[in-house]
file data.txt (compact mmCIF, C-alpha atoms)
# COMPACT_ATOMS: atom_id res chain seq x y z
CA MET T 1 -162.24 14.75 -61.78
CA SER T 2 -158.77 14.93 -63.43
CA ARG T 3 -155.33 15.10 -61.81
CA ALA T 4 -152.16 16.73 -63.20
CA PHE T 5 -148.48 15.94 -62.68
CA LEU T 6 -146.04 18.61 -63.91
CA VAL T 7 -142.47 17.28 -63.81
CA VAL T 8 -139.35 19.39 -64.46
CA MET T 9 -136.17 17.62 -65.54
CA ASP T 10 -133.98 20.47 -64.36
CA SER T 11 -131.79 21.88 -67.18
CA VAL T 12 -132.68 19.29 -69.87
CA GLY T 13 -132.88 21.84 -72.67
CA CYS T 14 -133.07 21.01 -76.38
CA GLY T 15 -131.51 24.02 -78.09
CA GLY T 16 -133.03 26.45 -80.54
CA ALA T 17 -133.68 29.47 -78.29
CA PRO T 18 -134.11 32.37 -80.74
CA ASP T 19 -132.41 34.83 -78.36
CA ALA T 20 -129.49 32.62 -77.30
CA ASP T 21 -126.98 35.09 -78.73
CA GLY T 22 -127.88 37.48 -75.91
CA PHE T 23 -126.83 35.06 -73.15
CA PHE T 24 -123.27 34.07 -72.34
CA ASN T 25 -121.04 31.52 -70.62
CA GLU T 26 -117.83 33.37 -69.88
CA ASP T 27 -117.37 35.30 -73.18
CA ARG T 28 -119.08 32.77 -75.44
CA PRO T 29 -122.72 33.31 -76.46
CA ASP T 30 -125.13 30.42 -75.93
CA THR T 31 -125.92 30.28 -79.65
CA GLY T 32 -125.86 26.60 -80.64
CA ALA T 33 -126.00 25.22 -77.10
CA ASN T 34 -128.14 22.08 -77.04
CA THR T 35 -128.04 19.99 -73.88
CA LEU T 36 -129.91 16.95 -75.19
CA VAL T 37 -128.42 16.75 -78.70
CA HIS T 38 -124.84 17.29 -77.55
CA ILE T 39 -125.11 14.62 -74.87
CA ALA T 40 -126.58 12.18 -77.41
CA GLN T 41 -123.78 12.99 -79.85
CA ALA T 42 -121.11 12.42 -77.22
CA CYS T 43 -122.67 9.06 -76.33
CA ALA T 44 -122.89 7.99 -79.97
CA GLU T 45 -119.23 8.87 -80.48
CA GLY T 46 -118.02 6.98 -77.40
CA ARG T 47 -117.14 10.15 -75.46
CA ALA T 48 -119.49 9.47 -72.53
CA ASP T 49 -118.70 5.92 -71.48
CA THR T 50 -117.80 6.47 -67.82
CA GLY T 51 -120.25 4.33 -65.84
CA ARG T 52 -122.27 3.57 -68.98
CA SER T 53 -121.58 2.83 -72.65
CA GLY T 54 -122.91 3.23 -76.16
CA PRO T 55 -125.65 5.41 -77.60
CA LEU T 56 -127.94 7.35 -75.29
CA LYS T 57 -130.80 5.03 -74.31
CA LEU T 58 -134.00 6.99 -73.66
CA HIS T 59 -136.58 4.66 -75.19
CA ASN T 60 -139.47 5.61 -72.90
CA LEU T 61 -139.00 9.37 -73.14
CA ASP T 62 -138.46 9.05 -76.87
CA ASN T 63 -141.65 7.04 -77.33
CA LEU T 64 -143.54 9.83 -75.60
CA GLY T 65 -142.03 12.32 -78.06
CA LEU T 66 -138.67 13.53 -76.73
CA GLY T 67 -136.84 13.09 -80.03
CA ALA T 68 -139.60 14.80 -81.98
CA ALA T 69 -139.69 17.66 -79.46
CA SER T 70 -135.94 18.12 -79.70
CA ARG T 71 -136.04 18.20 -83.51
CA LEU T 72 -138.88 20.73 -83.43
CA ALA T 73 -136.96 22.99 -81.04
CA SER T 74 -133.69 23.26 -82.94
CA GLY T 75 -134.03 21.42 -86.24
CA ARG T 76 -131.37 18.99 -85.04
CA THR T 77 -131.85 15.29 -84.46
CA ALA T 78 -130.41 13.72 -81.33
CA PRO T 79 -128.63 10.47 -82.29
CA GLY T 80 -130.66 7.48 -81.17
CA LEU T 81 -133.87 9.48 -80.70
CA GLY T 82 -136.72 9.96 -83.14
CA ALA T 83 -139.47 7.42 -82.50
CA ALA T 84 -142.99 8.25 -83.64
CA PRO T 85 -144.53 10.08 -80.64
CA GLN T 86 -147.07 8.10 -78.64
CA GLY T 87 -147.86 11.00 -76.31
CA LEU T 88 -148.17 14.76 -76.32
CA TRP T 89 -145.08 16.52 -77.65
CA GLY T 90 -143.83 20.01 -78.37
CA ALA T 91 -141.14 22.52 -77.43
CA ALA T 92 -141.42 25.68 -75.33
CA THR T 93 -139.69 29.06 -75.59
CA GLU T 94 -139.01 31.30 -72.58
CA VAL T 95 -139.65 35.05 -72.70
CA SER T 96 -138.30 36.05 -69.26
CA ARG T 97 -134.89 37.69 -69.45
CA GLY T 98 -133.14 35.02 -67.44
CA LYS T 99 -131.91 31.46 -67.81
CA ASP T 100 -132.28 30.72 -64.12
CA THR T 101 -134.41 28.48 -61.93
CA PRO T 102 -137.03 31.00 -60.68
CA SER T 103 -137.54 32.56 -64.12
CA GLY T 104 -138.05 29.17 -65.72
CA HIS T 105 -140.34 27.71 -63.05
CA TRP T 106 -142.45 30.83 -62.53
CA GLU T 107 -143.00 31.12 -66.27
CA LEU T 108 -143.84 27.40 -66.56
CA ALA T 109 -146.43 28.12 -63.86
CA GLY T 110 -147.93 30.92 -65.95
CA VAL T 111 -146.05 34.02 -64.70
CA PRO T 112 -143.20 35.46 -66.82
CA VAL T 113 -140.76 37.60 -64.86
CA PRO T 114 -141.56 41.28 -65.55
CA TRP T 115 -138.19 42.69 -64.47
CA ASP T 116 -134.48 42.27 -65.16
CA TRP T 117 -132.61 40.43 -62.43
CA THR T 118 -129.55 41.93 -60.77
CA TYR T 119 -126.25 40.10 -61.25
CA PHE T 120 -122.99 40.52 -59.38
CA PRO T 121 -119.97 41.67 -61.41
CA ARG T 122 -117.02 39.43 -62.22
CA GLU T 123 -114.73 41.40 -59.93
CA LEU T 124 -112.77 40.72 -56.76
CA PRO T 125 -114.50 41.18 -54.44
CA ALA T 126 -117.81 40.64 -56.25
CA PHE T 127 -119.90 41.96 -53.35
CA PRO T 128 -120.07 45.50 -51.93
CA GLU T 129 -118.47 46.16 -48.58
CA ASP T 130 -121.70 47.24 -46.89
CA LEU T 131 -123.29 43.89 -47.80
CA LEU T 132 -120.25 42.03 -46.43
CA ALA T 133 -120.43 44.07 -43.22
CA GLU T 134 -124.09 43.13 -42.72
CA ILE T 135 -123.27 39.46 -43.28
CA ARG T 136 -120.43 39.63 -40.73
CA GLN T 137 -122.83 41.20 -38.24
CA ILE T 138 -125.53 38.55 -38.73
CA ALA T 139 -123.01 35.69 -38.70
CA GLY T 140 -121.09 37.03 -35.72
CA THR T 141 -117.76 36.76 -37.53
CA ASP T 142 -115.04 39.30 -38.26
CA GLY T 143 -114.54 38.17 -41.85
CA THR T 144 -115.88 36.31 -44.87
CA LEU T 145 -114.30 34.08 -47.51
CA GLY T 146 -114.71 33.85 -51.27
CA ASN T 147 -116.65 36.96 -52.29
CA CYS T 148 -116.38 35.96 -55.94
CA HIS T 149 -117.86 34.05 -58.89
CA ALA T 150 -117.15 30.34 -58.46
CA SER T 151 -118.28 26.78 -58.92
CA GLY T 152 -119.80 25.53 -55.67
CA THR T 153 -117.83 22.31 -55.49
CA GLU T 154 -114.57 24.02 -56.44
CA ILE T 155 -114.80 26.83 -53.90
CA VAL T 156 -115.69 24.48 -51.04
CA GLU T 157 -112.70 22.31 -51.87
CA ARG T 158 -110.45 25.37 -52.15
CA LEU T 159 -111.63 27.26 -49.06
CA GLY T 160 -113.04 24.51 -46.84
CA ALA T 161 -109.93 24.21 -44.66
CA GLU T 162 -109.69 27.98 -44.19
CA HIS T 163 -113.39 28.06 -43.32
CA LEU T 164 -112.80 25.46 -40.59
CA ARG T 165 -109.81 27.43 -39.28
CA THR T 166 -111.47 30.87 -39.23
CA GLY T 167 -115.17 30.07 -38.88
CA TRP T 168 -115.91 32.57 -41.67
CA PRO T 169 -118.74 31.78 -44.13
CA ILE T 170 -117.88 31.21 -47.80
CA LEU T 171 -119.72 33.60 -50.13
CA TYR T 172 -119.98 33.18 -53.89
CA THR T 173 -122.20 33.74 -56.92
CA SER T 174 -122.51 32.66 -60.55
CA ALA T 175 -123.85 34.00 -63.84
CA ASP T 176 -127.33 33.57 -62.34
CA SER T 177 -128.97 36.08 -60.02
CA VAL T 178 -127.95 34.20 -56.87
CA PHE T 179 -126.04 34.73 -53.64
CA GLN T 180 -124.72 31.50 -52.16
CA ILE T 181 -123.37 30.90 -48.66
CA ALA T 182 -121.46 27.70 -47.94
CA ALA T 183 -120.65 26.54 -44.42
CA HIS T 184 -119.71 23.34 -42.60
CA GLU T 185 -122.75 21.62 -41.08
CA GLU T 186 -121.06 20.74 -37.79
CA ALA T 187 -118.35 23.37 -37.33
CA PHE T 188 -120.47 26.35 -38.39
CA GLY T 189 -123.86 24.78 -37.75
CA LEU T 190 -126.71 24.03 -40.12
CA ASP T 191 -129.30 26.11 -38.25
CA ARG T 192 -126.84 29.00 -38.03
CA LEU T 193 -126.29 28.82 -41.80
CA TYR T 194 -130.04 28.86 -42.42
CA ALA T 195 -130.48 31.80 -40.06
CA LEU T 196 -127.72 33.73 -41.84
CA CYS T 197 -129.33 33.16 -45.24
CA ALA T 198 -132.79 34.05 -43.96
CA GLY T 199 -131.41 37.18 -42.29
CA ILE T 200 -129.68 38.58 -45.39
CA ALA T 201 -132.33 37.46 -47.92
CA PRO T 202 -134.65 40.50 -47.60
CA ARG T 203 -131.85 42.89 -48.50
CA LEU T 204 -130.78 40.82 -51.49
CA HIS T 205 -134.35 40.36 -52.69
CA ALA T 206 -134.79 44.15 -52.56
CA MET T 207 -131.78 44.33 -54.92
CA ARG T 208 -133.59 41.90 -57.29
CA ILE T 209 -131.20 39.07 -56.51
CA GLY T 210 -133.47 36.09 -57.11
CA ARG T 211 -132.22 33.58 -54.55
CA VAL T 212 -130.08 33.26 -51.46
CA ILE T 213 -128.92 29.65 -51.26
CA ALA T 214 -127.62 27.86 -48.17
CA ARG T 215 -124.96 25.37 -49.25
CA PRO T 216 -124.01 23.12 -46.31
CA PHE T 217 -121.08 20.72 -46.55
CA THR T 218 -119.20 18.25 -44.40
CA GLY T 219 -115.74 16.68 -44.35
CA SER T 220 -112.20 17.82 -43.69
CA ALA T 221 -109.02 18.74 -45.51
CA GLU T 222 -107.82 15.18 -45.01
CA THR T 223 -110.95 13.38 -46.23
CA GLY T 224 -112.20 16.02 -48.67
CA PHE T 225 -115.28 18.21 -48.51
CA VAL T 226 -118.71 17.08 -49.74
CA ARG T 227 -121.86 19.15 -50.13
CA THR T 228 -124.87 17.65 -48.36
CA PRO T 229 -128.49 17.42 -49.62
CA ARG T 230 -129.66 19.91 -46.97
CA ARG T 231 -129.40 22.86 -49.34
CA HIS T 232 -132.12 25.45 -48.83
CA ASP T 233 -133.17 28.24 -51.22
CA TYR T 234 -134.56 31.56 -49.99
CA ALA T 235 -136.22 32.80 -53.16
CA MET T 236 -138.14 35.93 -53.97
CA THR T 237 -141.87 35.42 -54.12
CA PRO T 238 -143.37 35.30 -57.64
CA PRO T 239 -144.66 38.67 -58.86
CA ALA T 240 -148.22 37.37 -59.34
CA PRO T 241 -150.33 34.31 -58.47
CA THR T 242 -148.98 31.22 -60.23
CA LEU T 243 -150.50 27.91 -61.29
CA CYS T 244 -150.01 26.70 -57.70
CA ASP T 245 -152.13 29.58 -56.39
CA TRP T 246 -154.77 29.08 -59.10
CA VAL T 247 -155.19 25.42 -58.19
CA GLN T 248 -155.12 25.97 -54.43
CA GLY T 249 -157.51 28.91 -54.77
CA ALA T 250 -159.99 26.62 -56.50
CA GLY T 251 -160.02 24.44 -53.40
CA ARG T 252 -157.71 21.79 -54.83
CA ARG T 253 -154.56 20.32 -53.30
CA VAL T 254 -151.02 21.10 -54.50
CA GLN T 255 -148.17 18.67 -53.72
CA ALA T 256 -144.56 19.75 -54.32
CA ILE T 257 -141.69 17.32 -54.93
CA GLY T 258 -138.06 18.46 -54.65
CA LYS T 259 -137.18 22.15 -54.49
CA ILE T 260 -140.54 23.41 -55.82
CA GLY T 261 -141.47 24.64 -52.33
CA ASP T 262 -138.34 26.80 -52.16
CA ILE T 263 -138.75 28.16 -55.70
CA PHE T 264 -142.29 29.35 -55.01
CA SER T 265 -141.60 30.42 -51.39
CA MET T 266 -144.32 27.93 -50.40
CA ARG T 267 -147.02 30.07 -52.02
CA GLY T 268 -149.91 27.92 -53.20
CA ILE T 269 -148.38 24.69 -51.89
CA ASP T 270 -149.98 22.31 -49.39
CA GLU T 271 -147.32 19.61 -49.00
CA VAL T 272 -143.62 19.20 -49.77
CA ARG T 273 -141.62 16.00 -50.21
CA THR T 274 -137.85 16.33 -50.61
CA GLY T 275 -134.67 14.25 -50.89
CA PRO T 276 -132.16 13.18 -53.53
CA ASP T 277 -133.56 12.40 -56.97
CA ALA T 278 -133.87 8.65 -56.34
CA GLU T 279 -136.04 9.40 -53.32
CA LEU T 280 -138.02 11.97 -55.31
CA MET T 281 -138.88 9.30 -57.86
CA THR T 282 -140.36 7.22 -55.03
CA HIS T 283 -142.34 10.25 -53.86
CA TRP T 284 -143.69 10.74 -57.38
CA ALA T 285 -144.71 7.08 -57.62
CA ASP T 286 -146.41 7.27 -54.22
CA LEU T 287 -148.34 10.38 -55.20
CA MET T 288 -149.55 8.67 -58.37
CA ASP T 289 -151.45 6.46 -55.90
CA GLU T 290 -152.16 9.02 -53.17
CA ALA T 291 -152.80 12.38 -54.86
CA PRO T 292 -156.50 13.29 -54.60
CA GLU T 293 -158.74 13.95 -57.55
CA GLY T 294 -158.41 17.45 -58.95
CA SER T 295 -154.92 17.95 -57.50
CA LEU T 296 -151.65 19.23 -58.95
CA THR T 297 -148.35 17.50 -58.24
CA PHE T 298 -145.41 19.71 -59.24
CA ALA T 299 -141.96 18.06 -59.20
CA ASN T 300 -138.36 19.10 -59.86
CA PHE T 301 -135.55 16.58 -60.42
CA VAL T 302 -132.48 18.75 -59.84
CA GLU T 303 -129.48 16.43 -60.15
CA PHE T 304 -129.20 16.68 -63.95
CA ASP T 305 -128.32 20.31 -63.32
CA SER T 306 -126.62 20.37 -59.93
CA LEU T 307 -124.44 17.26 -60.21
CA TYR T 308 -123.70 17.07 -63.93
CA GLY T 309 -124.60 20.16 -65.95
CA HIS T 310 -122.69 22.70 -63.88
CA ARG T 311 -119.78 20.30 -63.52
CA ARG T 312 -119.72 19.70 -67.30
CA ASP T 313 -119.92 15.95 -66.69
CA VAL T 314 -121.31 14.56 -69.94
CA ALA T 315 -121.22 10.89 -68.93
CA GLY T 316 -122.81 11.65 -65.56
CA TYR T 317 -125.58 13.62 -67.24
CA ALA T 318 -126.18 10.74 -69.66
CA ARG T 319 -126.36 8.26 -66.75
CA ALA T 320 -128.91 10.48 -64.99
CA LEU T 321 -131.06 10.71 -68.12
CA GLU T 322 -130.99 6.94 -68.59
CA TRP T 323 -131.84 6.39 -64.93
CA PHE T 324 -134.85 8.70 -65.20
CA ASP T 325 -135.98 7.01 -68.41
CA ALA T 326 -135.76 3.52 -66.89
CA ALA T 327 -137.68 4.64 -63.80
CA LEU T 328 -140.53 6.13 -65.81
CA PRO T 329 -142.67 3.09 -66.83
CA PRO T 330 -143.57 1.93 -63.30
CA VAL T 331 -144.63 5.47 -62.42
CA LEU T 332 -146.73 6.01 -65.54
CA ALA T 333 -148.32 2.60 -65.03
CA ARG T 334 -150.02 4.07 -61.95
CA MET T 335 -151.87 6.73 -63.94
CA ARG T 336 -155.65 6.82 -63.55
CA PRO T 337 -158.11 7.55 -66.35
CA GLY T 338 -158.17 11.31 -66.87
CA ASP T 339 -154.66 11.94 -65.49
CA LEU T 340 -152.21 14.20 -67.33
CA VAL T 341 -148.42 13.92 -66.92
CA LEU T 342 -146.34 16.70 -68.50
CA ILE T 343 -142.53 16.44 -68.46
CA THR T 344 -140.49 19.53 -69.34
CA ALA T 345 -137.45 21.58 -68.24
CA ASP T 346 -136.72 25.08 -66.97
CA HIS T 347 -133.60 26.00 -69.01
CA GLY T 348 -130.56 24.27 -70.47
CA ASN T 349 -127.18 23.37 -69.00
CA ASP T 350 -125.19 21.92 -71.88
CA PRO T 351 -122.33 19.91 -70.30
CA THR T 352 -120.28 20.25 -73.49
CA TRP T 353 -120.38 24.06 -73.38
CA THR T 354 -117.90 26.67 -72.19
CA GLY T 355 -118.04 27.70 -68.54
CA THR T 356 -120.15 26.23 -65.76
CA ASP T 357 -123.44 28.11 -66.06
CA HIS T 358 -126.89 27.44 -67.52
CA THR T 359 -127.42 27.74 -71.27
CA ARG T 360 -130.31 29.58 -72.94
CA GLU T 361 -132.38 26.94 -74.75
CA ARG T 362 -135.87 25.88 -75.62
CA VAL T 363 -137.17 22.98 -73.56
CA PRO T 364 -139.04 19.81 -74.51
CA VAL T 365 -142.68 19.35 -73.57
CA ILE T 366 -143.80 15.73 -73.56
CA GLY T 367 -146.78 14.14 -71.92
CA ALA T 368 -148.80 11.05 -71.18
CA GLY T 369 -152.57 10.96 -71.03
CA GLY T 370 -154.90 11.51 -73.96
CA GLY T 371 -152.86 9.80 -76.67
CA PRO T 372 -150.62 11.24 -79.42
CA ARG T 373 -151.03 14.96 -80.03
CA ALA T 374 -148.78 17.86 -80.96
CA ALA T 375 -148.44 20.95 -78.80
CA GLY T 376 -146.11 22.48 -81.38
CA LEU T 377 -143.86 25.42 -80.57
CA CYS T 378 -145.37 27.05 -77.51
CA ALA T 379 -144.47 29.44 -74.70
CA PHE T 380 -143.42 28.41 -71.22
CA ALA T 381 -146.57 30.08 -69.86
CA ASP T 382 -148.72 27.90 -72.14
CA ILE T 383 -147.72 24.91 -70.00
CA GLY T 384 -149.27 26.43 -66.88
CA ALA T 385 -152.36 27.44 -68.83
CA SER T 386 -152.68 23.90 -70.22
CA VAL T 387 -152.42 22.28 -66.78
CA ALA T 388 -155.06 24.72 -65.50
CA ALA T 389 -157.34 23.87 -68.42
CA HIS T 390 -156.92 20.15 -67.77
CA LEU T 391 -157.89 20.65 -64.12
CA GLY T 392 -160.78 22.95 -64.99
CA VAL T 393 -159.20 25.85 -63.12
CA PRO T 394 -159.26 29.41 -64.56
CA SER T 395 -155.88 30.57 -65.88
CA GLN T 396 -154.81 34.03 -64.69
CA GLY T 397 -151.65 34.46 -66.78
CA PRO T 398 -150.78 35.23 -70.40
CA GLY T 399 -150.47 31.58 -71.49
CA ARG T 400 -152.87 29.76 -73.79
CA SER T 401 -153.70 26.08 -73.43
CA PHE T 402 -152.39 23.78 -76.15
CA LEU T 403 -154.69 20.94 -75.08

call {"tool": "encode", "arguments": {"input": "data.txt", "output": "structure tokens"}}
result
Amino acid sequence: MSRAFLVVMDSVGCGGAPDADGFFNEDRPDTGANTLVHIAQACAEGRADTGRSGPLKLHNLDNLGLGAASRLASGRTAPGLGAAPQGLWGAATEVSRGKDTPSGHWELAGVPVPWDWTYFPRELPAFPEDLLAEIRQIAGTDGTLGNCHASGTEIVERLGAEHLRTGWPILYTSADSVFQIAAHEEAFGLDRLYALCAGIAPRLHAMRIGRVIARPFTGSAETGFVRTPRRHDYAMTPPAPTLCDWVQGAGRRVQAIGKIGDIFSMRGIDEVRTGPDAELMTHWADLMDEAPEGSLTFANFVEFDSLYGHRRDVAGYARALEWFDAALPPVLARMRPGDLVLITADHGNDPTWTGTDHTRERVPVIGAGGGPRAAGLCAFADIGASVAAHLGVPSQGPGRSFL
């Protein structure tokens, strides 16, 4: 019996989205955004040498077909990439009207989002007074901070001291359909932050706000404030059974690595392993040995997006890509006959682009298992259908297998 490993390199887009002109960062459309190509160009030109140097070195991903997938997506060649593919390769286009985490992951798992998300306006305050009043009531405070669009690291640095002085939670959003609450782990309390997010999530989900995100941090005004890895997402449930449900419903096991459990509200998931990306790589390697026959392992490596894309840190993003590439061979060496590994992304986050938000892009689809083959230009939902076909599980969504 076969196993499948579906791995999301969060935000590693490769340009070419045909509807990019309808998505914006600040006032600039995403037309021409290309996370992978622009990082490779910056590296080749010596503009990404902090903590690394020279051209972007992704030999293992490129040998699988990353360069070919990128060229197929946008017609542009990433400097240093372009080896003859030794694995499965293609590029996928999203149809959901969002460039956010739930839209991307749900559609990868076979379920495009059938509605338009709600987004908060770029006003001060960004949130309605009745929502703020309910948050004050749940939190037991007489005020809130922020109430605006902001970068998570910036707003914590700016309002962290006032948060410690007042005890008020910090509220903010972005261009995505999200509502984020930041609070100090010790002074406010981690469990209290989680309870606040869980308490307000049903109202926000009813408004079609996709996620409420708890953003804990530590530190002080003197030492600086640092976000901790104990983030927790309270996401809406997918609108229909996803790949995870299909596999679990067939009596198979589904293992989640990273924030997959949060994204799917634990629907169709038997086990979750979390941690920073370096720890997630160890979890993936362990599951290459431990995952039972017929199972699905679904992983998300988030730090490309959370640490480097949103912060427009080109060199940091390049370092993360090279780290992932170097870590890949020992993991793939543990594959069993009949295994399928598919590596893809959920959206773009071009660190050379205007603003701090995701970019609308196609994503690469590369894989190991079965030798060289072309998936071509496909839909996100085709990835879920293909994994289902590999596992011998009926697909219930609109996707078609490219295997």

call {"tool": "closest_atom_pairs", "arguments": {"input": "data.txt", "of": "region 136-252 of chain T", "to": "region 275-279 of chain T", "cutoff": "12 Å", "atoms": "all atoms listed in the file", "output": "CSV"}}
result
residue,atom,partner,partner_atom,distance
T:Thr228,CA,T:Pro276,CA,10.0
T:Pro229,CA,T:Pro276,CA,6.8
T:Arg230,CA,T:Gly275,CA,8.5
T:Arg231,CA,T:Gly275,CA,10.2
T:His232,CA,T:Gly275,CA,11.7

call {"tool": "atom_distance", "arguments": {"input": "data.txt", "atom1": "CA of Arg165 (chain T)", "atom2": "CA of Leu131 (chain T)"}}
result
22.9 Å

call {"tool": "closest_atom_pairs", "arguments": {"input": "data.txt", "of": "region 215-257 of chain T", "to": "region 150-154 of chain T", "cutoff": "12 Å", "atoms": "all atoms listed in the file", "output": "tab-separated table"}}
result
residue	atom	partner	partner_atom	distance
T:Arg215	CA	T:Gly152	CA	8.2
T:Pro216	CA	T:Gly152	CA	10.5
T:Phe217	CA	T:Thr153	CA	9.6
T:Thr218	CA	T:Thr153	CA	11.9
T:Gly224	CA	T:Thr153	CA	10.9
T:Phe225	CA	T:Thr153	CA	8.5
T:Val226	CA	T:Thr153	CA	7.8
T:Arg227	CA	T:Thr153	CA	7.4
T:Thr228	CA	T:Thr153	CA	11.1
T:Arg231	CA	T:Gly152	CA	11.8

call {"tool": "write_last_selection", "arguments": {"input": "data.txt", "atoms": "C-alpha atoms", "output": "mmCIF file, in the coordinates of the input"}}
result
data_model
loop_
_atom_site.group_PDB
_atom_site.id
_atom_site.type_symbol
_atom_site.label_atom_id
_atom_site.label_comp_id
_atom_site.auth_asym_id
_atom_site.auth_seq_id
_atom_site.Cartn_x
_atom_site.Cartn_y
_atom_site.Cartn_z
ATOM 1 C CA ARG T 215 -124.960 25.370 -49.250
ATOM 2 C CA PRO T 216 -124.010 23.120 -46.310
ATOM 3 C CA PHE T 217 -121.080 20.720 -46.550
ATOM 4 C CA THR T 218 -119.200 18.250 -44.400
ATOM 5 C CA GLY T 224 -112.200 16.020 -48.670
ATOM 6 C CA PHE T 225 -115.280 18.210 -48.510
ATOM 7 C CA VAL T 226 -118.710 17.080 -49.740
ATOM 8 C CA ARG T 227 -121.860 19.150 -50.130
ATOM 9 C CA THR T 228 -124.870 17.650 -48.360
ATOM 10 C CA ARG T 231 -129.400 22.860 -49.340
#

call {"tool": "closest_residue", "arguments": {"input": "data.txt", "among": "T:Gly219, T:Pro125, T:Pro238, T:Gly268", "to": "Val111 (chain T)", "atoms": "all atoms listed in the file"}}
result
T:Pro238

call {"tool": "residues_around", "arguments": {"input": "data.txt", "residues": "His38 (chain T)", "least_positions_apart": "6", "cutoff": "8 Å", "atoms": "all atoms listed in the file", "output": "PyMOL selection string"}}
result
chain T and resi 78+350+352

call {"tool": "residues_near_point", "arguments": {"input": "data.txt", "point": "(-126.6, 29.9, -78.5)", "cutoff": "9 Å", "atoms": "all atoms listed in the file", "output": "PyMOL selection string"}}
result
chain T and resi 15-24+28-34+359-361

call {"tool": "atom_distance", "arguments": {"input": "data.txt", "atom1": "CA of Gly167 (chain T)", "atom2": "CA of Asp233 (chain T)"}}
result
21.9 Å

call {"tool": "atom_distance", "arguments": {"input": "data.txt", "atom1": "CA of Phe188 (chain T)", "atom2": "CA of Leu159 (chain T)"}}
result
13.9 Å

call {"tool": "closest_residue", "arguments": {"input": "data.txt", "among": "T:Ala315, T:Ser53, T:Gly13, T:Gly355", "to": "Ala175 (chain T)", "atoms": "all atoms listed in the file"}}
result
T:Gly355

call {"tool": "closest_residue", "arguments": {"input": "data.txt", "among": "T:Ser220, T:Asp10, T:Leu81, T:Ser401", "to": "Gly258 (chain T)", "atoms": "all atoms listed in the file"}}
result
T:Asp10

call {"tool": "closest_residue", "arguments": {"input": "data.txt", "among": "T:Leu280, T:Val95, T:Leu243, T:Leu328", "to": "Asp346 (chain T)", "atoms": "all atoms listed in the file"}}
result
T:Val95

call {"tool": "closest_residue", "arguments": {"input": "data.txt", "among": "T:Gly392, T:Gly309, T:Gly397, T:Gly376", "to": "Asp357 (chain T)", "atoms": "only C-alpha atoms"}}
result
T:Gly309

call {"tool": "residues_around", "arguments": {"input": "data.txt", "residues": "Arg400 (chain T)", "least_positions_apart": "4", "cutoff": "10 Å", "atoms": "all atoms listed in the file", "output": "number ranges by chain"}}
result
T: 110, 378-386, 388-389, 395

call {"tool": "axis_aligned_box", "arguments": {"input": "data.txt", "around": "region 19-34 of chain T", "padding_each_side": "8 Å", "output": "AutoDock Vina command-line options"}}
result
--center_x -124.9 --center_y 29.8 --center_z -75.3 --size_x 31.0 --size_y 31.4 --size_z 26.8

call {"tool": "closest_residue", "arguments": {"input": "data.txt", "among": "T:Cys148, T:Ile138, T:Cys197, T:Ala48", "to": "Gly316 (chain T)", "atoms": "all atoms listed in the file"}}
result
T:Ala48
